[in-house]
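Undergrad: Enclosed is the structure file query07.txt (compact mmCIF, C-alpha atoms).
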```txt
# COMPACT_ATOMS: atom_id res chain seq x y z
CA MET A 1 0.00 0.00 0.00
CA SER A 2 1.52 3.32 -1.03
CA SER A 3 0.16 5.74 1.57
CA ARG A 4 2.53 6.57 4.40
CA PRO A 5 -0.37 7.34 6.83
CA ILE A 6 -1.81 3.92 6.06
CA ARG A 7 1.55 2.21 6.73
CA ALA A 8 1.76 4.05 10.04
CA LEU A 9 -1.59 2.58 10.96
CA ALA A 10 -0.20 -0.89 10.32
CA LEU A 11 2.29 -0.40 13.16
CA ALA A 12 -0.45 0.78 15.51
CA THR A 13 -2.62 -2.18 14.56
CA ALA A 14 0.24 -4.62 15.13
CA ALA A 15 0.73 -3.16 18.60
CA LEU A 16 -2.98 -3.56 19.30
CA VAL A 17 -2.97 -7.18 18.18
CA THR A 18 0.11 -7.93 20.30
CA SER A 19 -1.38 -6.38 23.42
CA THR A 20 -4.62 -8.29 22.88
CA ALA A 21 -2.73 -11.55 22.53
CA LEU A 22 -0.77 -10.91 25.72
CA ALA A 23 -3.95 -10.14 27.59
CA ALA A 24 -5.44 -13.39 26.38
CA CYS A 25 -2.55 -15.30 28.00
CA GLY A 26 -3.43 -13.92 31.42
CA SER A 27 -5.93 -15.26 33.92
CA LYS A 28 -9.34 -15.89 32.47
CA GLU A 29 -12.25 -14.07 34.03
CA PRO A 30 -15.10 -16.26 35.31
CA GLU A 31 -17.99 -16.47 32.88
CA LYS A 32 -20.88 -14.16 33.65
CA THR A 33 -24.41 -15.29 34.23
CA ALA A 34 -27.10 -14.06 31.85
CA ALA A 35 -28.23 -11.55 34.47
CA GLU A 36 -24.69 -10.28 34.96
CA ALA A 37 -24.18 -10.02 31.21
CA ALA A 38 -27.41 -8.02 30.85
CA ALA A 39 -26.30 -5.72 33.64
CA GLY A 40 -22.93 -5.30 31.94
CA ASN A 41 -24.58 -4.30 28.67
CA ALA A 42 -26.46 -1.60 30.53
CA ALA A 43 -23.39 -0.48 32.46
CA GLU A 44 -21.89 2.93 31.84
CA ALA A 45 -18.25 3.88 31.85
CA THR A 46 -16.85 6.12 34.56
CA THR A 47 -14.96 8.03 31.84
CA VAL A 48 -15.23 8.41 28.06
CA LYS A 49 -12.18 9.65 26.17
CA LEU A 50 -13.24 11.63 23.11
CA GLY A 51 -10.99 12.91 20.33
CA TYR A 52 -11.67 15.84 18.00
CA PHE A 53 -9.80 18.46 15.97
CA PRO A 54 -9.52 22.22 16.65
CA ASN A 55 -11.00 22.75 13.20
CA ILE A 56 -14.30 24.26 12.11
CA THR A 57 -15.19 21.04 10.22
CA HIS A 58 -15.48 19.53 13.71
CA ALA A 59 -17.95 22.20 14.86
CA PRO A 60 -20.40 19.74 16.48
CA ALA A 61 -17.56 18.57 18.74
CA LEU A 62 -16.32 22.13 19.36
CA VAL A 63 -19.81 23.34 20.24
CA GLY A 64 -20.63 20.21 22.24
CA VAL A 65 -17.57 20.67 24.42
CA ASN A 66 -17.86 24.46 24.69
CA LYS A 67 -21.57 24.45 25.56
CA LYS A 68 -21.16 21.34 27.76
CA PHE A 69 -23.79 19.35 25.86
CA PHE A 70 -21.69 16.20 26.27
CA ASP A 71 -21.19 16.78 29.99
CA GLU A 72 -24.90 17.35 30.47
CA LYS A 73 -25.95 14.19 28.64
CA LEU A 74 -23.20 11.97 30.06
CA GLY A 75 -24.26 12.69 33.61
CA SER A 76 -21.94 10.91 36.06
CA THR A 77 -19.63 9.74 33.26
CA LYS A 78 -16.64 12.06 32.99
CA LEU A 79 -15.72 13.43 29.56
CA GLU A 80 -12.01 13.53 28.77
CA ALA A 81 -11.56 15.39 25.49
CA THR A 82 -8.31 15.22 23.53
CA THR A 83 -7.47 17.11 20.34
CA PHE A 84 -5.58 15.89 17.28
CA ASN A 85 -4.26 17.61 14.19
CA ALA A 86 -4.42 14.67 11.78
CA GLY A 87 -6.63 11.66 11.19
CA PRO A 88 -3.89 8.99 11.32
CA ALA A 89 -2.84 10.16 14.78
CA ALA A 90 -6.43 9.95 16.03
CA ILE A 91 -6.82 6.45 14.56
CA GLU A 92 -3.59 5.30 16.20
CA ALA A 93 -4.90 6.60 19.53
CA LEU A 94 -8.17 4.70 19.05
CA LEU A 95 -6.32 1.51 18.09
CA SER A 96 -4.09 1.70 21.16
CA GLY A 97 -6.98 2.42 23.55
CA ALA A 98 -5.78 5.95 24.33
CA ILE A 99 -9.22 7.24 23.29
CA ASP A 100 -12.64 5.59 23.07
CA ALA A 101 -14.23 7.67 20.31
CA THR A 102 -13.28 10.44 17.93
CA TYR A 103 -14.58 12.83 15.31
CA ILE A 104 -12.62 12.10 12.13
CA GLY A 105 -12.67 12.24 8.34
CA PRO A 106 -13.79 9.33 6.14
CA ASN A 107 -10.47 8.15 4.74
CA PRO A 108 -8.66 7.73 8.10
CA ALA A 109 -11.70 5.78 9.34
CA ILE A 110 -11.57 3.56 6.24
CA ASN A 111 -7.84 3.02 6.77
CA GLY A 112 -8.37 2.07 10.41
CA TRP A 113 -11.12 -0.35 9.46
CA SER A 114 -8.95 -1.91 6.76
CA LYS A 115 -5.83 -2.32 8.88
CA SER A 116 -7.70 -3.77 11.85
CA LYS A 117 -9.63 -6.13 9.56
CA GLY A 118 -12.91 -4.59 10.66
CA GLU A 119 -12.29 -5.04 14.38
CA ALA A 120 -11.24 -1.61 15.63
CA LEU A 121 -14.11 0.80 15.11
CA LYS A 122 -17.69 1.56 14.15
CA ILE A 123 -19.06 4.72 12.58
CA VAL A 124 -21.98 5.68 14.83
CA ALA A 125 -23.06 9.07 13.42
CA GLY A 126 -22.40 11.69 10.80
CA SER A 127 -21.22 15.15 11.76
CA THR A 128 -20.26 17.41 8.85
CA SER A 129 -20.74 17.57 5.09
CA GLY A 130 -19.05 19.78 2.49
CA GLY A 131 -16.50 22.52 2.94
CA ALA A 132 -13.62 21.45 0.70
CA GLY A 133 -12.32 21.95 -2.80
CA LEU A 134 -9.56 23.08 -5.13
CA VAL A 135 -8.56 26.74 -5.13
CA VAL A 136 -5.95 28.06 -7.58
CA ARG A 137 -4.22 31.22 -8.72
CA GLU A 138 -5.35 33.34 -11.66
CA GLY A 139 -4.70 31.89 -15.09
CA ILE A 140 -5.79 28.37 -14.17
CA ASN A 141 -9.26 27.88 -15.60
CA THR A 142 -9.53 24.23 -16.66
CA PRO A 143 -8.10 20.86 -15.60
CA ALA A 144 -5.71 21.02 -18.57
CA ASP A 145 -4.23 24.24 -17.16
CA LEU A 146 -2.94 22.23 -14.19
CA LYS A 147 -0.32 20.38 -16.23
CA GLY A 148 3.09 21.16 -14.81
CA LYS A 149 1.58 22.91 -11.77
CA LYS A 150 2.11 22.28 -8.05
CA ILE A 151 -0.96 21.60 -5.91
CA ALA A 152 -0.96 21.06 -2.15
CA THR A 153 -3.10 18.72 -0.05
CA PRO A 154 -3.12 18.40 3.76
CA GLN A 155 -1.54 14.92 3.95
CA LEU A 156 -0.79 11.96 1.71
CA GLY A 157 -3.78 9.63 1.76
CA ASN A 158 -6.04 11.98 3.70
CA THR A 159 -9.58 12.77 2.55
CA GLN A 160 -8.70 15.83 0.45
CA ASP A 161 -5.58 14.19 -1.00
CA VAL A 162 -7.69 11.27 -2.25
CA ALA A 163 -10.34 13.64 -3.61
CA LEU A 164 -7.76 15.61 -5.62
CA ARG A 165 -6.01 12.55 -7.04
CA ALA A 166 -9.32 10.96 -8.02
CA TRP A 167 -10.51 14.16 -9.70
CA LEU A 168 -7.23 14.51 -11.61
CA LYS A 169 -7.49 10.92 -12.84
CA GLN A 170 -11.09 11.46 -13.95
CA ASN A 171 -9.84 14.43 -15.98
CA GLY A 172 -7.04 12.51 -17.67
CA LEU A 173 -4.20 13.77 -15.47
CA ASN A 174 -1.84 11.66 -13.40
CA ALA A 175 0.01 12.38 -10.17
CA ASP A 176 2.23 9.93 -8.30
CA THR A 177 2.92 9.84 -4.56
CA SER A 178 6.41 11.29 -5.00
CA GLY A 179 5.26 14.61 -6.47
CA GLY A 180 5.72 13.54 -10.10
CA GLY A 181 3.35 13.16 -13.02
CA ASP A 182 1.28 15.67 -14.98
CA VAL A 183 0.48 17.51 -11.76
CA SER A 184 2.85 17.68 -8.80
CA VAL A 185 0.76 16.93 -5.69
CA LEU A 186 2.59 18.10 -2.58
CA PRO A 187 1.13 16.97 0.75
CA GLN A 188 1.89 19.54 3.46
CA ASP A 189 0.17 20.92 6.52
CA ASN A 190 -2.40 23.62 5.89
CA ALA A 191 -0.41 26.47 7.43
CA THR A 192 2.53 25.65 5.16
CA ALA A 193 0.24 25.46 2.11
CA ILE A 194 -1.27 28.87 2.84
CA GLN A 195 2.18 30.41 3.18
CA ALA A 196 3.44 28.61 0.07
CA PHE A 197 0.51 29.90 -1.97
CA ALA A 198 1.13 33.46 -0.78
CA GLN A 199 4.81 33.13 -1.75
CA GLY A 200 3.98 31.68 -5.15
CA THR A 201 5.73 28.34 -4.62
CA ILE A 202 2.50 26.36 -5.19
CA ASP A 203 -0.26 27.04 -7.69
CA GLY A 204 -3.22 25.87 -5.66
CA ALA A 205 -4.49 23.55 -2.94
CA TRP A 206 -7.31 21.09 -2.33
CA VAL A 207 -8.13 21.86 1.31
CA PRO A 208 -11.00 21.81 3.80
CA GLU A 209 -12.49 24.73 5.66
CA PRO A 210 -11.44 27.11 7.07
CA ASN A 211 -8.31 27.04 4.89
CA TYR A 212 -10.48 26.94 1.77
CA SER A 213 -12.00 30.30 2.73
CA LYS A 214 -8.68 31.66 4.03
CA LEU A 215 -7.04 31.15 0.64
CA ILE A 216 -9.96 32.81 -1.13
CA LEU A 217 -10.38 35.78 1.20
CA GLU A 218 -6.78 36.44 2.20
CA SER A 219 -4.71 35.22 -0.75
CA LYS A 220 -7.11 35.97 -3.61
CA ALA A 221 -7.27 32.33 -4.71
CA LYS A 222 -10.17 31.40 -6.94
CA VAL A 223 -12.33 28.30 -6.85
CA LEU A 224 -11.65 25.76 -9.58
CA VAL A 225 -13.57 22.91 -7.92
CA ASP A 226 -16.12 23.20 -5.12
CA GLU A 227 -16.16 19.54 -4.09
CA LYS A 228 -19.84 19.45 -3.23
CA THR A 229 -20.66 19.94 -6.91
CA LEU A 230 -19.12 16.52 -7.59
CA TRP A 231 -21.54 14.63 -5.31
CA PRO A 232 -25.23 13.66 -5.49
CA ASN A 233 -27.40 16.25 -3.72
CA GLN A 234 -24.14 18.18 -3.13
CA GLU A 235 -23.55 16.14 0.03
CA PHE A 236 -20.49 14.15 1.07
CA VAL A 237 -19.05 13.19 4.42
CA THR A 238 -16.32 15.46 5.72
CA THR A 239 -16.42 14.40 9.37
CA HIS A 240 -18.19 11.65 11.26
CA LEU A 241 -18.10 10.13 14.75
CA ILE A 242 -16.48 6.75 15.30
CA VAL A 243 -16.28 4.60 18.43
CA SER A 244 -14.01 1.77 19.48
CA GLN A 245 -15.83 -1.53 19.01
CA LYS A 246 -14.57 -2.67 22.42
CA PHE A 247 -15.97 0.41 24.12
CA LEU A 248 -19.26 0.17 22.22
CA LYS A 249 -19.68 -3.46 23.26
CA GLU A 250 -18.85 -2.81 26.91
CA TYR A 251 -20.63 0.52 27.37
CA PRO A 252 -23.48 1.00 24.90
CA GLY A 253 -25.27 3.14 27.48
CA THR A 254 -22.39 5.60 27.51
CA VAL A 255 -22.17 5.65 23.72
CA LYS A 256 -25.89 6.39 23.57
CA LYS A 257 -25.44 9.34 25.94
CA LEU A 258 -22.47 10.56 23.91
CA LEU A 259 -24.72 10.48 20.85
CA GLU A 260 -27.36 12.44 22.76
CA GLY A 261 -24.77 15.15 23.30
CA HIS A 262 -23.82 15.02 19.63
CA ILE A 263 -27.43 15.38 18.49
CA ALA A 264 -27.94 18.25 20.94
CA SER A 265 -24.91 20.02 19.47
CA VAL A 266 -26.02 19.53 15.86
CA GLU A 267 -29.53 20.76 16.66
CA TYR A 268 -28.13 23.78 18.49
CA ILE A 269 -26.01 24.72 15.46
CA LYS A 270 -29.05 24.45 13.18
CA ALA A 271 -31.22 26.60 15.43
CA ASN A 272 -28.63 29.11 16.66
CA ASN A 273 -26.16 29.68 13.83
CA ASP A 274 -24.59 32.92 15.06
CA GLU A 275 -24.24 31.70 18.64
CA ALA A 276 -22.90 28.36 17.41
CA GLN A 277 -20.22 30.13 15.38
CA LYS A 278 -19.13 32.03 18.48
CA ALA A 279 -19.08 28.85 20.58
CA ALA A 280 -17.05 26.93 17.99
CA ASN A 281 -14.60 29.79 17.56
CA GLY A 282 -14.36 30.24 21.31
CA GLN A 283 -13.34 26.62 21.67
CA ILE A 284 -10.79 26.96 18.89
CA GLU A 285 -9.33 29.97 20.73
CA THR A 286 -9.20 27.98 23.96
CA LEU A 287 -7.36 25.15 22.22
CA THR A 288 -5.02 27.11 19.96
CA SER A 289 -5.05 30.76 21.13
CA LYS A 290 -5.82 31.60 17.47
CA PRO A 291 -9.53 32.18 16.81
CA LEU A 292 -10.69 32.53 13.23
CA LYS A 293 -11.30 35.98 11.83
CA ASP A 294 -14.99 36.81 11.69
CA GLU A 295 -15.18 36.92 7.89
CA ILE A 296 -13.45 33.54 7.55
CA LEU A 297 -15.59 32.00 10.28
CA LYS A 298 -18.77 33.19 8.58
CA ALA A 299 -17.67 32.00 5.13
CA ALA A 300 -16.58 28.60 6.42
CA PHE A 301 -19.81 28.00 8.33
CA ALA A 302 -21.84 28.92 5.26
CA ASN A 303 -19.94 26.32 3.23
CA LEU A 304 -20.54 23.49 5.70
CA LYS A 305 -23.60 21.43 6.60
CA PHE A 306 -23.82 19.90 10.05
CA THR A 307 -25.75 16.66 10.27
CA TYR A 308 -25.96 13.38 12.17
CA ASP A 309 -26.56 11.60 8.83
CA PRO A 310 -23.27 9.85 7.93
CA ILE A 311 -24.04 10.17 4.18
CA ALA A 312 -22.90 6.57 3.79
CA PRO A 313 -22.86 6.41 -0.03
CA SER A 314 -20.09 9.01 -0.15
CA LEU A 315 -17.92 6.93 2.19
CA PHE A 316 -18.11 3.90 -0.09
CA THR A 317 -17.33 6.09 -3.09
CA SER A 318 -14.39 7.71 -1.30
CA ALA A 319 -12.96 4.26 -0.55
CA LYS A 320 -13.29 3.34 -4.22
CA HIS A 321 -11.48 6.57 -5.15
CA ALA A 322 -8.62 5.69 -2.78
CA GLU A 323 -8.36 2.25 -4.37
CA ASP A 324 -8.41 3.72 -7.88
CA VAL A 325 -5.46 6.02 -7.17
CA GLY A 326 -3.41 3.35 -5.40
CA LEU A 327 -3.73 4.63 -1.85
CA LEU A 328 -5.85 1.79 -0.49
CA ASP A 329 -5.97 -1.92 -1.11
CA PRO A 330 -9.48 -3.25 -1.90
CA VAL A 331 -11.43 -3.35 1.36
CA ASP A 332 -14.81 -4.76 2.37
CA LEU A 333 -16.60 -2.02 4.31
CA LYS A 334 -19.60 -4.17 5.21
CA GLY A 335 -20.29 -3.64 8.91
CA ILE A 336 -18.33 -0.40 9.31
CA TYR A 337 -21.50 1.38 10.43
CA ASP A 338 -23.54 0.78 13.57
CA LEU A 339 -26.34 3.33 13.55
CA THR A 340 -28.63 1.41 15.92
CA LEU A 341 -28.26 3.72 18.91
CA LEU A 342 -28.41 6.86 16.78
CA ASN A 343 -31.62 5.77 15.10
CA GLU A 344 -33.17 4.86 18.46
CA LEU A 345 -32.53 8.42 19.62
CA LEU A 346 -33.77 9.97 16.39
CA LYS A 347 -36.97 7.91 16.56
CA ALA A 348 -37.57 9.06 20.13
CA LYS A 349 -37.29 12.66 18.91
CA GLY A 350 -39.62 12.08 15.98
CA LEU A 351 -36.77 12.56 13.52
CA PRO A 352 -36.19 10.42 10.41
CA ALA A 353 -33.82 7.49 10.62
CA VAL A 354 -30.48 7.59 8.76
CA SER A 355 -29.13 4.82 6.56
CA ASP A 356 -25.85 2.94 6.20
CA ALA A 357 -26.64 1.81 2.65
CA ALA A 358 -23.98 2.24 -0.02
CA ALA A 359 -26.48 3.83 -2.40
```
Would you mind writing the structure in this file as structure tokens?
TA:
Amino acid sequence: MSSRPIRALALATAALVTSTALAACGSKEPEKTAAEAAAGNAAEATTVKLGYFPNITHAPALVGVNKKFFDEKLGSTKLEATTFNAGPAAIEALLSGAIDATYIGPNPAINGWSKSKGEALKIVAGSTSGGAGLVVREGINTPADLKGKKIATPQLGNTQDVALRAWLKQNGLNADTSGGGDVSVLPQDNATAIQAFAQGTIDGAWVPEPNYSKLILESKAKVLVDEKTLWPNQEFVTTHLIVSQKFLKEYPGTVKKLLEGHIASVEYIKANNDEAQKAANGQIETLTSKPLKDEILKAAFANLKFTYDPIAPSLFTSAKHAEDVGLLDPVDLKGIYDLTLLNELLKAKGLPAVSDAAA
């Protein structure tokens, strides 16, 4: 497999398998009675360790933490929130047991599922749709104009990197993982990409919000591809919520309460857009000391849709795109979703159920 983030996951998975095997060699717990097993299924964890990113595409997490929706719904269960800057790092933390759940993009979740052979995680809810695309400098007006140009993505094998490579291939352009080909794709962190664009050392970038809006508003980049225009109903998964299978099995009651907090956050954003923007930005400031400028915050929020629907068809398509460009071996995603608890909560609220169907 050619993606460095994916190979890094292999090491984390190997460590997980080793630790599991060692645990199995220890003393065996006495088997539980049916009553004890039932009580265990209803049991709640004393602590839930949740990962998320200090990024506006993770607004439901930012708002949920800032407004204490998770704390309120979890009750006596303590929330321990940890932030990450990249999907592979969050997946490694989930694989090792350092966290129990995390907000994350689709491709890192697919990679984690693949490397753990479907044993590490479950997608339990959607979170965010949209808010990504290709912005370029003046003079680039068509795919053909990209020949010989340098385009940045956040990380090799990440969601936007796969989206760019798939789009290039669909338009008859090739790009290898070493920066060669018709178009030189240069994975680099978003701050570096923004600086590189301003200095003229790259010609564009396929990035998520808020960097998408930053490049447009601050560096006069223009939109060549708004990614939502490439998807049915202009919807595709940008962020969703995943949970460790072990934690889900042991503490479904806690996962259900975590989902209650998630739904509360999404509904708050929908009903209180201006206040939600302030809450999300306030949490970003708390985490990074660098809140977004008001104009960028407003533009980014307008370009994103917050939803508990995981938009499952787009995940399956994204996996196929990763396979097509050589960043993922063929993988069976059957069973990657478990929307049972989410749909129970939605039904109780009189809201429509969401689907895990591929199409």
Undergrad: With 7 Å as the cut-off and all atoms listed in the file counted, what is the closest atom pair between each nearby residue of range 61-135 of chain A and range 143-160 of chain A? Distances in Å to one decimal, ordered by chain and number, as a tab-separated table.
TA:
```
residue	atom	partner	partner_atom	distance
A:Gly105	CA	A:Thr159	CA	6.6
A:Pro106	CA	A:Thr159	CA	6.5
A:Asn107	CA	A:Thr159	CA	5.2
A:Pro108	CA	A:Asn158	CA	6.7
```
Undergrad: Could you write out that same residue set with C-alpha atoms as a CSV table (one decimal), keeping the file's coordinate frame?
TA:
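As written to disk, again29.csv reads:
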```csv
chain,number,residue,atom,x,y,z
A,105,GLY,CA,-12.7,12.2,8.3
A,106,PRO,CA,-13.8,9.3,6.1
A,107,ASN,CA,-10.5,8.2,4.7
A,108,PRO,CA,-8.7,7.7,8.1
```
Undergrad: Using only C-alpha atoms for the distances, tell me which of A:Glu138, A:Asn111, A:Ala101, A:Pro54 is nearest to Asp329 in chain A.
TA: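 Result for the nearest residue to Asp329 in chain A: A:Asn111.
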Undergrad: List as an MDAnalysis selection string the protein and nucleic acid residues near Asn141 in chain A, meaning an atom at most 10 Å away when all atoms listed in the file are counted, but skip any in the same chain fewer than 6 places from it.
TA: chainID A and resid 222:224
Undergrad: Near range 170-175 of chain A, counting only C-alpha atoms, which residues have an atom at most 8 Å away, once you skip same-chain residues fewer than 6 positions from it, shown as a list in words?
TA: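 So, after excluding close chain neighbours, the residues are Pro143, Lys147, Gly181, Asp182, Val183, Ser184 and Val185 of chain A.
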Undergrad: So, counting only C-alpha atoms, which residue among A:Phe53, A:Phe301, A:Phe69, A:Phe316 is closest to Ser129 in chain A?
TA: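 Closest residue, counting only C-alpha atoms: A:Phe301.
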Undergrad: In terms of the shortest atom-to-atom distance over only C-alpha atoms, which of A:Lys257, A:Lys298, A:Arg165, A:Lys293 is closest to Leu79 in chain A?
TA: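 The answer is A:Lys257, which sits nearest to Leu79 in chain A.
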Undergrad: Kindly indicate which residue among A:Gly118, A:Gly179, A:Pro310, A:Gly261 lies nearest to His240 in chain A, using all atoms listed in the file for the distances.
TA: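 For His240 in chain A, the nearest of the candidates is A:Pro310.
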Undergrad: Quick one: pull the distance between CA of Leu121 in chain A and CA of Ile336 in chain A, Å, one decimal.
TA: 7.3 Å
Undergrad: CA of Phe247 in chain A and CA of Asp100 in chain A are how many Å apart?
TA: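 Calculated distance between CA of Phe247 in chain A and CA of Asp100 in chain A is 6.2 Å.
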Undergrad: Between A:Glu72, A:Glu227, A:Glu235, A:Asp356, single out the one closest to Val207 in chain A, counting only C-alpha atoms.
TA: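 That would be A:Glu227, the residue with the smallest distance to Val207 in chain A.
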Undergrad: Could you give me, as JSON, numbers by chain, the residues within 12 Å of Ala98 in chain A, counting all atoms listed in the file and dropping anything in the same chain fewer than 4 positions from it?
TA: {"A": [12, 16, 48, 49, 50, 51, 80, 81, 82, 83, 89, 90, 91, 92, 93, 94, 102, 244, 247]}
Undergrad: Could you check the closest approach to Thr177 in chain A for each of A:Tyr103, A:Leu345, A:Val325, A:Ser289 and tell me which residue wins, using only C-alpha atoms?
TA: A:Val325
Undergrad: To one decimal place, how far is CA of Thr254 in chain A from CA of Ala45 in chain A in Å?
TA: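 Atom-to-atom, CA of Thr254 in chain A to CA of Ala45 in chain A, that is 6.2 Å.
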